[in-house]
Amino acid sequence: MFAFVYTFLAGNVLLALANAPLVFCLALVADPATAWPFFLILSVTIAPSLAGIFDSFRALNDDAGTVKPVAAFLKGYKRCFKRTALLGVLAVAVLLFLGLDLVAVQTMPGAAVLVPLIVMVAAVSVSLTVTTIVGVVNLPDTGLKSILKAALYLVVQRWYLSLGMFLLLGIIVSAAVLQPILGVALAPAPLLFVIWSNASYAFHAALRSQ
C-alpha cells in the first residue's frame, strides 16, 4: 500500500513539473475555456509525461517492493520522449482542428448532426493517443506504426474501456481546470493508474489471442 501511495504522490508532483507551463497558466487564468486554443497548445507536453508515469506504474506492477517512482518516471520519460512527443503534437493538431470546426459548425443548419460527430472523433483521438502511449511504454521493442494499428483496433473493439478512459480523463481535466494546484496534486495519478491498467490488459489480451 505504501508503494502505491508513494508512486501516486510522486507521480502527481512529477506530472506537475513536466507540465509546469500548463499548470502555471491554468492557475493564473480565471476562465481557461475562453482561451482554449492556447491551453490546448500548452498541453503538448502531456504525452511524454504520461509515458513517464505509465512507466512508473509498470515498475510498480513488476516489483512493488523495490519501486523507485522518480527514477522510473524519468527513465520512461527519456526512453519514450521522441515517440510520445510526436504523438502529442499530432493529437494537439487534430484536437485544435476539430475544436475550430466545432466552433464553426455550431451556427450551421446541420449542427445537430455535425457536433456529435466531431465530439466522437475527438474522443476517439484522445483514447487512441493515450492507448498508444501505453503501448509504447509496455512494448518498447515494437514499432510505433504497429502499436498505432493495435491501439486503433483495441479502441474500437473495447469501446467500453475507451469510454471509461475518456470519462476518467475528463475528471482529471475538470479537476485541473477548477482547482489547478489541488487538482493536479491529488487527482491524476490514481485515475491514470486505472487507465494504464485497463489499456495494459487490453494489449496483453490481444497478444495472447494471436
# chains A, B, ... in the order shown; residues from 1 in each chain; ligands from 1
call {"tool": "residues_around", "arguments": {"residues": "A:Leu178", "least_positions_apart": "4", "cutoff": "10 Å", "atoms": "only C-alpha atoms", "output": "ChimeraX atom specification"}}
result
/A:26-27,30-32,173-174,182-183
call {"tool": "residues_around", "arguments": {"residues": "A:Val94", "least_positions_apart": "6", "cutoff": "10 Å", "atoms": "only C-alpha atoms", "output": "list in words"}}
result
Gly88, Val121, Ala122, Ser125 and Val126 of chain A
call {"tool": "closest_residue", "arguments": {"among": "A:Phe73, A:Phe193, A:Phe97, A:Phe203", "to": "A:Leu14", "atoms": "only C-alpha atoms"}}
result
A:Phe73
call {"tool": "closest_residue", "arguments": {"among": "A:Gly11, A:Gly99, A:Pro109, A:Pro48", "to": "A:Ala35", "atoms": "only C-alpha atoms"}}
result
A:Gly99
call {"tool": "residues_around", "arguments": {"residues": "A:Ala10", "least_positions_apart": "5", "cutoff": "9 Å", "atoms": "only C-alpha atoms", "output": "list in words"}}
result
Val5, Leu15, Pro69, Val70 and Ala189 of chain A
call {"tool": "residues_around", "arguments": {"residues": "A:Pro188", "least_positions_apart": "2", "cutoff": "12 Å", "atoms": "only C-alpha atoms", "output": "PyMOL selection string"}}
result
chain A and resi 7-16+46+49-50+53-54+168-176+180-186+190-196
call {"tool": "write_last_selection", "arguments": {"atoms": "C-alpha atoms", "output": "short mmCIF file (atom, residue, chain, number, x, y, z; two decimals), in the first residue's frame"}}
result
data_model
loop_
_atom_site.label_atom_id
_atom_site.label_comp_id
_atom_site.auth_asym_id
_atom_site.auth_seq_id
_atom_site.Cartn_x
_atom_site.Cartn_y
_atom_site.Cartn_z
CA THR A 7 4.09 6.25 -6.52
CA PHE A 8 0.86 8.23 -6.82
CA LEU A 9 2.15 11.21 -4.82
CA ALA A 10 5.49 11.27 -6.62
CA GLY A 11 3.74 10.83 -9.96
CA ASN A 12 1.45 13.81 -9.37
CA VAL A 13 4.40 16.03 -8.45
CA LEU A 14 6.40 14.91 -11.48
CA LEU A 15 3.41 15.41 -13.78
CA ALA A 16 3.04 18.96 -12.46
CA ILE A 46 1.34 15.96 -21.55
CA SER A 49 4.79 12.95 -19.10
CA LEU A 50 2.18 10.21 -19.46
CA ILE A 53 4.06 7.98 -15.11
CA PHE A 54 2.95 4.89 -17.04
CA LEU A 168 -11.63 9.44 -16.33
CA LEU A 169 -9.56 11.85 -18.42
CA GLY A 170 -12.49 14.24 -18.29
CA ILE A 171 -12.44 14.10 -14.50
CA ILE A 172 -8.70 14.84 -14.48
CA VAL A 173 -9.12 17.79 -16.84
CA SER A 174 -12.07 19.16 -14.85
CA ALA A 175 -10.11 18.93 -11.59
CA ALA A 176 -7.09 20.65 -13.19
CA PRO A 180 -5.19 23.70 -10.84
CA ILE A 181 -2.85 23.23 -7.87
CA LEU A 182 -5.01 20.94 -5.72
CA GLY A 183 -6.43 19.08 -8.71
CA VAL A 184 -3.02 18.27 -10.17
CA ALA A 185 -1.66 17.37 -6.73
CA LEU A 186 -4.37 14.79 -5.96
CA PRO A 190 -4.87 7.20 -9.24
CA LEU A 191 -7.14 7.72 -12.25
CA LEU A 192 -4.25 7.34 -14.70
CA PHE A 193 -3.35 4.08 -12.96
CA VAL A 194 -6.83 2.75 -13.77
CA ILE A 195 -6.42 3.91 -17.39
CA TRP A 196 -2.98 2.29 -17.65
#
call {"tool": "residues_around", "arguments": {"residues": "stretch 112-114 of chain A", "least_positions_apart": "6", "cutoff": "9 Å", "atoms": "only C-alpha atoms", "output": "count of residues only"}}
result
3
call {"tool": "residues_around", "arguments": {"residues": "A:Ala85", "least_positions_apart": "2", "cutoff": "8 Å", "atoms": "only C-alpha atoms", "output": "list in words"}}
result
Val44, Thr45, Ala47, Pro48, Phe81, Lys82, Arg83, Leu87, Gly88 and Val89 of chain A
call {"tool": "closest_atom_pairs", "arguments": {"of": "stretch 13-119 of chain A", "to": "stretch 130-142 of chain A", "cutoff": "7 Å", "atoms": "only C-alpha atoms", "output": "CSV"}}
result
residue,atom,partner,partner_atom,distance
A:Ala51,CA,A:Val137,CA,6.2
A:Phe54,CA,A:Val134,CA,6.8
A:Asp55,CA,A:Val137,CA,6.1
A:Cys80,CA,A:Val137,CA,6.9
A:Thr84,CA,A:Ile133,CA,6.4
call {"tool": "closest_residue", "arguments": {"among": "A:Arg58, A:Val103, A:Ala71, A:Leu98", "to": "A:Leu117", "atoms": "only C-alpha atoms"}}
result
A:Leu98
call {"tool": "closest_residue", "arguments": {"among": "A:Ile41, A:Cys25, A:Ala111, A:Ala3", "to": "A:Thr66", "atoms": "only C-alpha atoms"}}
result
A:Ala3
call {"tool": "decode", "arguments": {"residues": "stretch 81-97 of chain A", "atoms": "all heavy atoms", "output": "compact mmCIF listing (two decimals), in the first residue's frame"}}
result
# COMPACT_ATOMS: atom_id res chain seq x y z
N PHE A 81 10.47 9.60 -25.10
CA PHE A 81 10.19 11.01 -25.40
C PHE A 81 9.94 11.25 -26.88
O PHE A 81 8.95 11.92 -27.25
CB PHE A 81 11.33 11.90 -24.93
CG PHE A 81 11.08 13.36 -25.22
CD1 PHE A 81 10.30 14.12 -24.37
CD2 PHE A 81 11.62 13.97 -26.35
CE1 PHE A 81 10.04 15.45 -24.64
CE2 PHE A 81 11.38 15.30 -26.63
CZ PHE A 81 10.59 16.05 -25.77
N LYS A 82 10.79 10.74 -27.75
CA LYS A 82 10.66 11.05 -29.18
C LYS A 82 9.32 10.60 -29.73
O LYS A 82 8.62 11.36 -30.42
CB LYS A 82 11.80 10.39 -29.96
CG LYS A 82 13.16 11.05 -29.75
CD LYS A 82 14.21 10.41 -30.63
CE LYS A 82 15.56 11.10 -30.44
NZ LYS A 82 16.62 10.50 -31.28
N ARG A 83 8.95 9.36 -29.43
CA ARG A 83 7.71 8.83 -30.00
C ARG A 83 6.47 9.46 -29.36
O ARG A 83 5.51 9.77 -30.06
CB ARG A 83 7.68 7.30 -29.85
CG ARG A 83 8.73 6.60 -30.72
CD ARG A 83 8.47 5.12 -30.83
NE ARG A 83 8.79 4.42 -29.59
CZ ARG A 83 8.64 3.10 -29.43
NH1 ARG A 83 8.17 2.37 -30.42
NH2 ARG A 83 8.97 2.53 -28.28
N THR A 84 6.50 9.66 -28.05
CA THR A 84 5.33 10.24 -27.40
C THR A 84 5.21 11.74 -27.68
O THR A 84 4.09 12.26 -27.74
CB THR A 84 5.38 9.99 -25.88
OG1 THR A 84 6.61 10.48 -25.34
CG2 THR A 84 5.25 8.51 -25.58
N ALA A 85 6.33 12.43 -27.84
CA ALA A 85 6.26 13.85 -28.20
C ALA A 85 5.61 14.01 -29.57
O ALA A 85 4.79 14.92 -29.79
CB ALA A 85 7.65 14.46 -28.20
N LEU A 86 5.95 13.11 -30.51
CA LEU A 86 5.33 13.13 -31.83
C LEU A 86 3.83 12.87 -31.71
O LEU A 86 3.01 13.57 -32.34
CB LEU A 86 5.97 12.07 -32.72
CG LEU A 86 5.36 11.89 -34.12
CD1 LEU A 86 5.44 13.17 -34.92
CD2 LEU A 86 6.04 10.74 -34.85
N LEU A 87 3.46 11.90 -30.88
CA LEU A 87 2.04 11.62 -30.66
C LEU A 87 1.33 12.83 -30.06
O LEU A 87 0.19 13.15 -30.44
CB LEU A 87 1.89 10.42 -29.73
CG LEU A 87 2.25 9.04 -30.31
CD1 LEU A 87 2.26 8.00 -29.20
CD2 LEU A 87 1.27 8.65 -31.40
N GLY A 88 2.00 13.50 -29.13
CA GLY A 88 1.41 14.67 -28.50
C GLY A 88 1.16 15.79 -29.49
O GLY A 88 0.09 16.42 -29.48
N VAL A 89 2.12 16.04 -30.36
CA VAL A 89 1.97 17.10 -31.37
C VAL A 89 0.83 16.76 -32.33
O VAL A 89 -0.01 17.62 -32.66
CB VAL A 89 3.29 17.28 -32.15
CG1 VAL A 89 3.08 18.21 -33.35
CG2 VAL A 89 4.37 17.85 -31.25
N LEU A 90 0.79 15.50 -32.77
CA LEU A 90 -0.29 15.09 -33.69
C LEU A 90 -1.66 15.19 -33.03
O LEU A 90 -2.63 15.66 -33.64
CB LEU A 90 -0.03 13.65 -34.17
CG LEU A 90 1.17 13.45 -35.08
CD1 LEU A 90 1.37 11.97 -35.37
CD2 LEU A 90 1.01 14.23 -36.37
N ALA A 91 -1.74 14.76 -31.76
CA ALA A 91 -3.03 14.81 -31.06
C ALA A 91 -3.50 16.25 -30.87
O ALA A 91 -4.69 16.56 -31.08
CB ALA A 91 -2.89 14.12 -29.70
N VAL A 92 -2.59 17.13 -30.50
CA VAL A 92 -2.95 18.54 -30.31
C VAL A 92 -3.40 19.15 -31.64
O VAL A 92 -4.38 19.91 -31.69
CB VAL A 92 -1.77 19.33 -29.71
CG1 VAL A 92 -2.00 20.83 -29.82
CG2 VAL A 92 -1.56 18.93 -28.26
N ALA A 93 -2.70 18.82 -32.72
CA ALA A 93 -3.07 19.36 -34.03
C ALA A 93 -4.48 18.89 -34.43
O ALA A 93 -5.29 19.68 -34.92
CB ALA A 93 -2.05 18.92 -35.08
N VAL A 94 -4.76 17.61 -34.22
CA VAL A 94 -6.08 17.07 -34.56
C VAL A 94 -7.17 17.71 -33.70
O VAL A 94 -8.22 18.13 -34.21
CB VAL A 94 -6.10 15.54 -34.38
CG1 VAL A 94 -7.52 14.99 -34.49
CG2 VAL A 94 -5.21 14.87 -35.43
N LEU A 95 -6.93 17.82 -32.40
CA LEU A 95 -7.93 18.41 -31.50
C LEU A 95 -8.13 19.89 -31.78
O LEU A 95 -9.26 20.39 -31.66
CB LEU A 95 -7.50 18.20 -30.04
CG LEU A 95 -7.52 16.74 -29.55
CD1 LEU A 95 -6.98 16.66 -28.13
CD2 LEU A 95 -8.93 16.17 -29.62
N LEU A 96 -7.07 20.59 -32.15
CA LEU A 96 -7.21 22.00 -32.49
C LEU A 96 -8.05 22.16 -33.75
O LEU A 96 -8.94 23.03 -33.81
CB LEU A 96 -5.82 22.62 -32.70
CG LEU A 96 -5.76 24.13 -32.94
CD1 LEU A 96 -6.34 24.88 -31.75
CD2 LEU A 96 -4.32 24.58 -33.18
N PHE A 97 -7.80 21.33 -34.72
CA PHE A 97 -8.59 21.35 -35.96
C PHE A 97 -10.06 21.04 -35.67
O PHE A 97 -10.96 21.74 -36.15
CB PHE A 97 -8.01 20.34 -36.95
CG PHE A 97 -8.83 20.17 -38.20
CD1 PHE A 97 -8.78 21.11 -39.21
CD2 PHE A 97 -9.65 19.06 -38.36
CE1 PHE A 97 -9.53 20.97 -40.36
CE2 PHE A 97 -10.41 18.91 -39.50
CZ PHE A 97 -10.36 19.86 -40.51
